Every structure is written in C-alpha cells, then in structure tokens.
Amino acid sequence: MGVCHYAVPSCFVPSLSCAASTLFRSRFRPTIRCCTTLSNTSPRTPTPSPTSIKKRVVSGVQPTGSIHLGNYFGAIKNWVALQHVYDTLFFIVDLHAITLPHDSQQLSKDTKSTAAIYLACGVDPSKASVFVQSHVRAHVELMWLLSSITPIGWLNRMIQFKEKSRKAGDDEVGVALLTYPVLMASDILLYQSDFVPVGEDQKQHLELTRDLAERVNNLYGGRKWKKLGGRGGTIFKVPEPLIPPTGARIMSLTDGLSKMSKSAPSDQSRINILDPKDLIANKIKRCKTDSFPSLEIDNPERPECNNLLSIYQLASGKTKEEVAHECQDMNWGTFKPLLTDALIDHLHPIQVRYEELMSDSGYLDKVLGEGAKNAADIADATLHNVYQAMGFSRRQ
C-alpha cells in the first residue's frame with residue numbers, strides 16, 4: 001500500500017509519508033528483506049515447501065498520474081518475485097485517489113490502465129490476486145470501524161494533512177485527507193497481512209497500522225474474543241515491513257536528492273513506464289548531471305551520478321561492480337546514450353504487452369473480477385470477526 005502503498009508504497013503504495021515521527025517508535029522486530037536482487041542472480045530467499053503455509057503480502061499503487069521508474073523498480077518489479085514466494089494481493093488503490101480533487105472522467109480509465117501495467121510488468125493473476133480496492137467493499141466498512149477507536153490526536157499529527165491543509169486552507173481540504181491513514185490501515189489489516197513492502201526509509205510508516213491492530217487486539221481480543229469463539233485471542237495480525245533491495249530507490253532526473261514522484265510538477269523529472277523512446281531519449285539528454293571528470297557509483301557527494309548509474313544497473317540487469325567497471329572512464333556524453341538504449345530495451349516489451357492488454361478489455365475485467373472475489377473471501381471473514389468482537393448483532 002506505496003499499501004507505497006504498500007509499496008504502501010507511492011509504492012502503496014497510497015503514500016504513507018504522512019506519519020509524524022512522534023507517532024512512531026523503534027519497536028520493529030528484525031525486518032524481512034525482499035527476495036529480489038539488483039543483479040541477474042537468483043533470489044536467495046528459499047521457496048516454501050509444498051506443505052508450508054505461505055506468508056501473505058499486500059501492496060498497491062494509486063491510479064493517479066503516470067506509473068514511473070520509481071514505482072516500477074521500487075515496487076512493481078519486486079512484486080513479480082514476491083508472487084512466487086508469498087501469498088500475494090496487489091490492488092489499485094482508487095479510494096485513496098479521491099483524497100484530493102480528481103478528474104471523475106479519468107479515474108476509471110486510469111484504474112484499468114494501472115491494472116494493465118501490473119500485468120505487463122509481470123504480475124501473474126494465476127499467482128497473485130489483482131483487483132481494484134473499491135470493488136471490495138470491506139475496505140470502507142473496516143475503515144469506519146477502525147475510525148471509532150482511532151484517537152483524533154494521532155491523525156492531527158499527520159505531516160501530509162498538516163502540509164496540505166496549510167497550503168490549500170482548511171475550507172479546501174476534505175476530511176478524507178485527514179482520515180485516509182485509517183483506510184490505509186484497513187487495506188492492510190483486512191487481509192491478515194504478514195508483510196507490507198516498504199522502503200528502508202519508510203519502515204516507520206507502518207507504525208500507525210501496527211498501533212491500530214494492537215489497539216483492537218487489546219480492546220476486543222484476548223479472553224473476550226475467545227469467549228465469543230475467536231481463535232488465538234487476536235483479531236488482527238500485526239504486520240511487519242518487507243524491505244526491498246538496497247538501491248531500488250529511484251531519484252528525480254532533475255534533483256538527485258528527491259525521490260522520483262508522480263506529483264512533481266515537471267514531467268522531465270521522471271521516466272514514465274509508457275514514455276515513447278523519443279521522449280525517453282530527450283529526458284535523459286536533458287537530465288541533471290555534475291561536472292566531475294569520470295563516473296562513479298555510491299559517492300554521496302554525487303547524487304545525480306549515483307542515481308543515473310543505479311538506473312542503468314537496474315535497466316541492464318548488471319551488477320553494481322559490472323556497472324562501476326564499465327562506466328568508470330566514461331563521460332556524460334558517452335554514458336547518456338548507453339542509459340537511453342538500456343531503458344528503451346527494458347521498457348519496450350512492457351509497453352508492447354500493455355497495448356495488448358488494453359485492447360482486450362474483457363480479459364482485464366475478468367482478471368480484476370476474479371481478483372476481487374478472492375480478496376473479498378479473505379476480507380469478509382476478517383470483517384465478520386471485527387463486527388462480532390465489537391458487539392454487533394450477527395448478520396442472518
């Protein structure tokens with residue numbers, strides 16, 4: 001979600017960057033690292049045996065703006081590896097897309113386009129449930145139940161809400177911007193998620209979700225829940241962060257210290273997955289560089305150089321050592337065409353597959369329908385337990 005999502009993340013991710021640091025505490029158990037690597041070597045994470053129960057991972061991306069390299073290398077590409085190891089649910093978080101003014105005519109189109117990009121990038125609907133958030137109504141129902149036990153002070157301290165409301169004014173900001181972190185928690189907790197993919201710098205963003213899970217478990221779980229017939233004494237699993245490979249954080253083409261972002265005002269700052277080759281070439285030609293005489297990777301004093309070489313590493317499938325050796329004696333005039341060709345070659349099959357999927361609307365609808373049904377089966381069971389634990393009368 002990121003859920004950056006969530007690739008909670010802009011990997012779920014609905015963006016989870018809103019959480020104030022005062023909310024978060026360093027009480028994560030040792031985190032699990034994503035099984036993908038930045039080279040073309042095989043993943044080191046062992047595949048579960050046929051008799052083992054797979055852990056569950058959820059993540060999603062908002063259908064707003066254009067999916068770019070940061071979303072792809074930082075989240076979606078990792079999902080392709082995760083689907084072989086975990087029980088995975090990847091969804092398009094369209095409910096989060098309306099926290100700010102949106103184009104109602106474009107939302108549905110962008111939602112289907114985002115689903116097509118998921119599949120074009122390699123997400124396999126036979127291994128992962130792919131669905132649209134709003135097609136599983138339990139997300140909104142659980143959000144309301146969680147809202148009843150969420151202290152308003154927790155939400156008032158959210159950084160994004162404070163920043164957005166200060167810029168636009170209270171009369172221009174909807175309540176959804178204040179309460180969307182509760183919806184984000186609902187997105188994750190509904191599926192009894194074991195892990196949520198987040199960046200190394202975003203582990204703290206899961207803390208509100210973890211706090212809400214523990215609050216519900218403390219208020220309604222334990223002996224109270226067991227007396228009602230509940231199993232295990234807990235209502236929600238408390239999810240852990242799943243850390244993607246180091247180096248998968250893609251920065252802006254115009255500022256090597258800022259993350260590549262959908263919301264950046266200049267399209268020049270990002271390479272979008274669907275950019276045509278001429279546009280990719282133009283963006284790379286004009287991207288910010290530095291005046292040092294050679295190229296090197298992992299030098300903190302050269303953020304633009306490090307970013308562009310990291311993008312080349314990811315696009316080419318080479319190791320960091322191979323890239324460092326290949327590019328050490330190059331200048332920018334030599335390197336930029338190399339990077340351009342690598343990106344065009346990497347993105348071309350994705351773009352071709354995307355066009356095929358978008359031309360077969362029936363197939364996309366079928367995938368999303370089946371994914372929503374699979375997700376609803378899990379979500380409805382969780383929601384039923386929460387209603388029961390909170391004292392609501394049973395549905396007949």
# chains A, B, ... in the order shown; residues from 1 in each chain; ligands from 1
>>> residues_around(residues="stretch 308-310 of chain A", least_positions_apart="3", cutoff="8 Å", atoms="only C-alpha atoms", output="number ranges by chain")
A: 247, 250, 296-297, 304-305, 313-314, 320, 323, 339
>>> closest_residue(among="A:Phe292, A:Tyr86, A:Trp144, A:Trp154", to="A:Met330", atoms="only C-alpha atoms")
A:Phe292
>>> closest_residue(among="A:Arg137, A:Asp194, A:Thr111, A:Ala213", to="A:Ile53", atoms="only C-alpha atoms")
A:Asp194
>>> atom_distance(atom1="atom CA of A:Val85", atom2="atom CA of A:Val61")
20.6 Å
>>> atom_distance(atom1="atom CA of A:Val367", atom2="atom CA of A:Ala116")
10.1 Å
>>> closest_residue(among="A:His68, A:Lys366, A:His139, A:His102", to="A:Leu383", atoms="only C-alpha atoms")
A:His139
>>> residues_around(residues="A:Asp124", least_positions_apart="4", cutoff="12 Å", atoms="only C-alpha atoms", output="VMD selection string")
chain A and resid 76 to 77 79 to 84 88 to 90 115 to 120 128 to 130 367 to 368 371
>>> residues_around(residues="stretch 276-287 of chain A", least_positions_apart="4", cutoff="9 Å", atoms="only C-alpha atoms", output="PDB file with all heavy atoms, in the first residue's frame")
ATOM      1  N   SER A 252      14.766  11.676  -8.630  1.00  0.00           N
ATOM      2  CA  SER A 252      14.334  12.562  -9.711  1.00  0.00           C
ATOM      3  C   SER A 252      15.463  12.805 -10.714  1.00  0.00           C
ATOM      4  O   SER A 252      16.644  12.844 -10.343  1.00  0.00           O
ATOM      5  CB  SER A 252      13.877  13.892  -9.113  1.00  0.00           C
ATOM      6  OG  SER A 252      13.726  14.877 -10.110  1.00  0.00           O
ATOM      7  N   LEU A 253      15.081  12.987 -11.978  1.00  0.00           N
ATOM      8  CA  LEU A 253      16.073  13.319 -13.003  1.00  0.00           C
ATOM      9  C   LEU A 253      16.515  14.775 -12.923  1.00  0.00           C
ATOM     10  O   LEU A 253      17.504  15.162 -13.538  1.00  0.00           O
ATOM     11  CB  LEU A 253      15.499  13.054 -14.399  1.00  0.00           C
ATOM     12  CG  LEU A 253      15.128  11.612 -14.747  1.00  0.00           C
ATOM     13  CD1 LEU A 253      14.637  11.533 -16.187  1.00  0.00           C
ATOM     14  CD2 LEU A 253      16.308  10.671 -14.530  1.00  0.00           C
ATOM     15  N   THR A 254      15.804  15.583 -12.165  1.00  0.00           N
ATOM     16  CA  THR A 254      16.156  16.998 -12.041  1.00  0.00           C
ATOM     17  C   THR A 254      16.742  17.348 -10.677  1.00  0.00           C
ATOM     18  O   THR A 254      17.209  18.460 -10.474  1.00  0.00           O
ATOM     19  CB  THR A 254      14.911  17.882 -12.282  1.00  0.00           C
ATOM     20  OG1 THR A 254      13.864  17.496 -11.373  1.00  0.00           O
ATOM     21  CG2 THR A 254      14.416  17.722 -13.709  1.00  0.00           C
ATOM     22  N   ASP A 255      16.711  16.380  -9.751  1.00  0.00           N
ATOM     23  CA  ASP A 255      17.261  16.601  -8.410  1.00  0.00           C
ATOM     24  C   ASP A 255      17.595  15.248  -7.796  1.00  0.00           C
ATOM     25  O   ASP A 255      16.698  14.516  -7.376  1.00  0.00           O
ATOM     26  CB  ASP A 255      16.258  17.352  -7.538  1.00  0.00           C
ATOM     27  CG  ASP A 255      16.754  17.581  -6.115  1.00  0.00           C
ATOM     28  OD1 ASP A 255      17.925  17.252  -5.827  1.00  0.00           O
ATOM     29  OD2 ASP A 255      15.974  18.097  -5.289  1.00  0.00           O
ATOM     30  N   ASP A 267       7.239  16.947 -15.750  1.00  0.00           N
ATOM     31  CA  ASP A 267       7.332  15.578 -16.269  1.00  0.00           C
ATOM     32  C   ASP A 267       8.771  15.222 -16.630  1.00  0.00           C
ATOM     33  O   ASP A 267       9.115  14.044 -16.727  1.00  0.00           O
ATOM     34  CB  ASP A 267       6.435  15.424 -17.497  1.00  0.00           C
ATOM     35  CG  ASP A 267       6.275  13.974 -17.932  1.00  0.00           C
ATOM     36  OD1 ASP A 267       5.806  13.157 -17.116  1.00  0.00           O
ATOM     37  OD2 ASP A 267       6.627  13.666 -19.089  1.00  0.00           O
ATOM     38  N   GLN A 268       9.611  16.220 -16.780  1.00  0.00           N
ATOM     39  CA  GLN A 268      11.025  16.000 -17.076  1.00  0.00           C
ATOM     40  C   GLN A 268      11.737  15.299 -15.919  1.00  0.00           C
ATOM     41  O   GLN A 268      12.793  14.694 -16.100  1.00  0.00           O
ATOM     42  CB  GLN A 268      11.701  17.357 -17.356  1.00  0.00           C
ATOM     43  CG  GLN A 268      13.212  17.320 -17.533  1.00  0.00           C
ATOM     44  CD  GLN A 268      13.648  16.538 -18.765  1.00  0.00           C
ATOM     45  OE1 GLN A 268      12.931  16.527 -19.753  1.00  0.00           O
ATOM     46  NE2 GLN A 268      14.807  15.897 -18.699  1.00  0.00           N
ATOM     47  N   SER A 269      11.144  15.333 -14.748  1.00  0.00           N
ATOM     48  CA  SER A 269      11.789  14.764 -13.556  1.00  0.00           C
ATOM     49  C   SER A 269      11.681  13.250 -13.487  1.00  0.00           C
ATOM     50  O   SER A 269      12.302  12.629 -12.626  1.00  0.00           O
ATOM     51  CB  SER A 269      11.164  15.368 -12.294  1.00  0.00           C
ATOM     52  OG  SER A 269       9.809  14.941 -12.148  1.00  0.00           O
ATOM     53  N   ARG A 270      10.919  12.633 -14.369  1.00  0.00           N
ATOM     54  CA  ARG A 270      10.680  11.190 -14.265  1.00  0.00           C
ATOM     55  C   ARG A 270      10.622  10.540 -15.640  1.00  0.00           C
ATOM     56  O   ARG A 270      10.284  11.172 -16.643  1.00  0.00           O
ATOM     57  CB  ARG A 270       9.365  10.916 -13.526  1.00  0.00           C
ATOM     58  CG  ARG A 270       8.173  11.627 -14.140  1.00  0.00           C
ATOM     59  CD  ARG A 270       6.912  11.523 -13.293  1.00  0.00           C
ATOM     60  NE  ARG A 270       5.889  12.444 -13.802  1.00  0.00           N
ATOM     61  CZ  ARG A 270       5.679  13.663 -13.316  1.00  0.00           C
ATOM     62  NH1 ARG A 270       6.398  14.085 -12.292  1.00  0.00           N
ATOM     63  NH2 ARG A 270       4.765  14.454 -13.840  1.00  0.00           N
ATOM     64  N   ILE A 271      10.948   9.256 -15.667  1.00  0.00           N
ATOM     65  CA  ILE A 271      10.728   8.423 -16.845  1.00  0.00           C
ATOM     66  C   ILE A 271       9.485   7.592 -16.557  1.00  0.00           C
ATOM     67  O   ILE A 271       9.461   6.791 -15.619  1.00  0.00           O
ATOM     68  CB  ILE A 271      11.919   7.477 -17.115  1.00  0.00           C
ATOM     69  CG1 ILE A 271      13.190   8.272 -17.378  1.00  0.00           C
ATOM     70  CG2 ILE A 271      11.603   6.547 -18.284  1.00  0.00           C
ATOM     71  CD1 ILE A 271      13.202   9.030 -18.680  1.00  0.00           C
ATOM     72  N   ASN A 272       8.439   7.808 -17.339  1.00  0.00           N
ATOM     73  CA  ASN A 272       7.213   7.040 -17.163  1.00  0.00           C
ATOM     74  C   ASN A 272       7.314   5.723 -17.928  1.00  0.00           C
ATOM     75  O   ASN A 272       7.952   5.653 -18.984  1.00  0.00           O
ATOM     76  CB  ASN A 272       6.013   7.846 -17.660  1.00  0.00           C
ATOM     77  CG  ASN A 272       5.889   9.181 -16.945  1.00  0.00           C
ATOM     78  OD1 ASN A 272       5.886   9.245 -15.719  1.00  0.00           O
ATOM     79  ND2 ASN A 272       5.807  10.269 -17.706  1.00  0.00           N
ATOM     80  N   GLU A 304      23.314  12.782  -8.378  1.00  0.00           N
ATOM     81  CA  GLU A 304      22.799  12.581  -9.737  1.00  0.00           C
ATOM     82  C   GLU A 304      23.549  11.451 -10.438  1.00  0.00           C
ATOM     83  O   GLU A 304      22.946  10.613 -11.127  1.00  0.00           O
ATOM     84  CB  GLU A 304      22.910  13.870 -10.550  1.00  0.00           C
ATOM     85  CG  GLU A 304      21.873  14.925 -10.193  1.00  0.00           C
ATOM     86  CD  GLU A 304      22.204  15.688  -8.919  1.00  0.00           C
ATOM     87  OE1 GLU A 304      23.392  15.721  -8.539  1.00  0.00           O
ATOM     88  OE2 GLU A 304      21.292  16.246  -8.300  1.00  0.00           O
ATOM     89  N   GLY A 333      28.587  12.412 -22.053  1.00  0.00           N
ATOM     90  CA  GLY A 333      28.231  12.309 -23.463  1.00  0.00           C
ATOM     91  C   GLY A 333      28.257  10.890 -23.978  1.00  0.00           C
ATOM     92  O   GLY A 333      27.502  10.528 -24.893  1.00  0.00           O
ATOM     93  N   LYS A 336      25.129   8.768 -21.479  1.00  0.00           N
ATOM     94  CA  LYS A 336      23.698   9.023 -21.642  1.00  0.00           C
ATOM     95  C   LYS A 336      23.060   8.205 -22.765  1.00  0.00           C
ATOM     96  O   LYS A 336      21.965   7.648 -22.578  1.00  0.00           O
ATOM     97  CB  LYS A 336      23.442  10.517 -21.834  1.00  0.00           C
ATOM     98  CG  LYS A 336      23.546  11.315 -20.533  1.00  0.00           C
ATOM     99  CD  LYS A 336      23.102  12.751 -20.730  1.00  0.00           C
ATOM    100  CE  LYS A 336      23.057  13.505 -19.414  1.00  0.00           C
ATOM    101  NZ  LYS A 336      22.561  14.887 -19.574  1.00  0.00           N
ATOM    102  N   PRO A 337      23.691   8.066 -23.941  1.00  0.00           N
ATOM    103  CA  PRO A 337      23.102   7.190 -24.963  1.00  0.00           C
ATOM    104  C   PRO A 337      23.042   5.732 -24.519  1.00  0.00           C
ATOM    105  O   PRO A 337      22.096   5.013 -24.873  1.00  0.00           O
ATOM    106  CB  PRO A 337      24.048   7.372 -26.156  1.00  0.00           C
ATOM    107  CG  PRO A 337      24.682   8.702 -25.950  1.00  0.00           C
ATOM    108  CD  PRO A 337      24.844   8.831 -24.466  1.00  0.00           C
ATOM    109  N   LEU A 339      22.615   4.683 -21.385  1.00  0.00           N
ATOM    110  CA  LEU A 339      21.481   4.603 -20.469  1.00  0.00           C
ATOM    111  C   LEU A 339      20.162   4.642 -21.233  1.00  0.00           C
ATOM    112  O   LEU A 339      19.229   3.880 -20.933  1.00  0.00           O
ATOM    113  CB  LEU A 339      21.540   5.750 -19.463  1.00  0.00           C
ATOM    114  CG  LEU A 339      20.338   5.908 -18.519  1.00  0.00           C
ATOM    115  CD1 LEU A 339      20.119   4.652 -17.703  1.00  0.00           C
ATOM    116  CD2 LEU A 339      20.530   7.123 -17.603  1.00  0.00           C
ATOM    117  N   THR A 340      20.075   5.509 -22.212  1.00  0.00           N
ATOM    118  CA  THR A 340      18.854   5.621 -23.023  1.00  0.00           C
ATOM    119  C   THR A 340      18.518   4.298 -23.696  1.00  0.00           C
ATOM    120  O   THR A 340      17.365   3.827 -23.641  1.00  0.00           O
ATOM    121  CB  THR A 340      19.030   6.712 -24.091  1.00  0.00           C
ATOM    122  OG1 THR A 340      19.243   7.977 -23.449  1.00  0.00           O
ATOM    123  CG2 THR A 340      17.797   6.797 -24.982  1.00  0.00           C
ATOM    124  N   ASP A 341      19.500   3.674 -24.315  1.00  0.00           N
ATOM    125  CA  ASP A 341      19.266   2.402 -25.005  1.00  0.00           C
ATOM    126  C   ASP A 341      18.831   1.309 -24.020  1.00  0.00           C
ATOM    127  O   ASP A 341      17.947   0.497 -24.337  1.00  0.00           O
ATOM    128  CB  ASP A 341      20.530   1.957 -25.751  1.00  0.00           C
ATOM    129  CG  ASP A 341      20.825   2.827 -26.962  1.00  0.00           C
ATOM    130  OD1 ASP A 341      19.917   3.546 -27.409  1.00  0.00           O
ATOM    131  OD2 ASP A 341      21.976   2.788 -27.446  1.00  0.00           O
ATOM    132  N   LEU A 343      17.234   1.682 -21.168  1.00  0.00           N
ATOM    133  CA  LEU A 343      15.863   1.925 -20.729  1.00  0.00           C
ATOM    134  C   LEU A 343      14.860   1.572 -21.822  1.00  0.00           C
ATOM    135  O   LEU A 343      13.830   0.936 -21.553  1.00  0.00           O
ATOM    136  CB  LEU A 343      15.701   3.393 -20.329  1.00  0.00           C
ATOM    137  CG  LEU A 343      16.266   3.789 -18.960  1.00  0.00           C
ATOM    138  CD1 LEU A 343      16.248   5.302 -18.787  1.00  0.00           C
ATOM    139  CD2 LEU A 343      15.479   3.113 -17.839  1.00  0.00           C
ATOM    140  N   ILE A 344      15.146   1.975 -23.042  1.00  0.00           N
ATOM    141  CA  ILE A 344      14.236   1.676 -24.151  1.00  0.00           C
ATOM    142  C   ILE A 344      14.106   0.171 -24.338  1.00  0.00           C
ATOM    143  O   ILE A 344      12.994  -0.361 -24.502  1.00  0.00           O
ATOM    144  CB  ILE A 344      14.727   2.358 -25.447  1.00  0.00           C
ATOM    145  CG1 ILE A 344      14.565   3.873 -25.325  1.00  0.00           C
ATOM    146  CG2 ILE A 344      13.961   1.830 -26.659  1.00  0.00           C
ATOM    147  CD1 ILE A 344      15.188   4.651 -26.475  1.00  0.00           C
ATOM    148  N   HIS A 348      10.480  -1.596 -23.611  1.00  0.00           N
ATOM    149  CA  HIS A 348       9.753  -1.914 -24.848  1.00  0.00           C
ATOM    150  C   HIS A 348       8.811  -3.115 -24.704  1.00  0.00           C
ATOM    151  O   HIS A 348       7.623  -3.014 -25.063  1.00  0.00           O
ATOM    152  CB  HIS A 348      10.733  -2.131 -26.001  1.00  0.00           C
ATOM    153  CG  HIS A 348      10.055  -2.514 -27.287  1.00  0.00           C
ATOM    154  ND1 HIS A 348       9.268  -1.640 -28.012  1.00  0.00           N
ATOM    155  CD2 HIS A 348      10.017  -3.704 -27.969  1.00  0.00           C
ATOM    156  CE1 HIS A 348       8.792  -2.253 -29.079  1.00  0.00           C
ATOM    157  NE2 HIS A 348       9.222  -3.500 -29.084  1.00  0.00           N
ATOM    158  N   GLN A 351       5.762  -2.174 -22.727  1.00  0.00           N
ATOM    159  CA  GLN A 351       4.852  -1.307 -23.474  1.00  0.00           C
ATOM    160  C   GLN A 351       4.053  -2.093 -24.516  1.00  0.00           C
ATOM    161  O   GLN A 351       2.857  -1.831 -24.713  1.00  0.00           O
ATOM    162  CB  GLN A 351       5.653  -0.181 -24.129  1.00  0.00           C
ATOM    163  CG  GLN A 351       6.288   0.768 -23.123  1.00  0.00           C
ATOM    164  CD  GLN A 351       7.221   1.779 -23.761  1.00  0.00           C
ATOM    165  OE1 GLN A 351       7.553   1.671 -24.940  1.00  0.00           O
ATOM    166  NE2 GLN A 351       7.665   2.760 -22.990  1.00  0.00           N
TER     167      GLN A 351
END
>>> residues_around(residues="stretch 188-191 of chain A", least_positions_apart="2", cutoff="10 Å", atoms="only C-alpha atoms", output="ChimeraX atom specification")
/A:1,3,5-6,8,56-59,88-89,138-139,142-143,183-186,193-196,206,209-210,212-213,235-239,375-383,386
>>> atom_distance(atom1="atom CA of A:His346", atom2="atom CA of A:Lys262")
20.5 Å
>>> closest_residue(among="A:Lys112, A:Arg157, A:Lys54, A:Gly229", to="A:Asp87", atoms="only C-alpha atoms")
A:Lys54
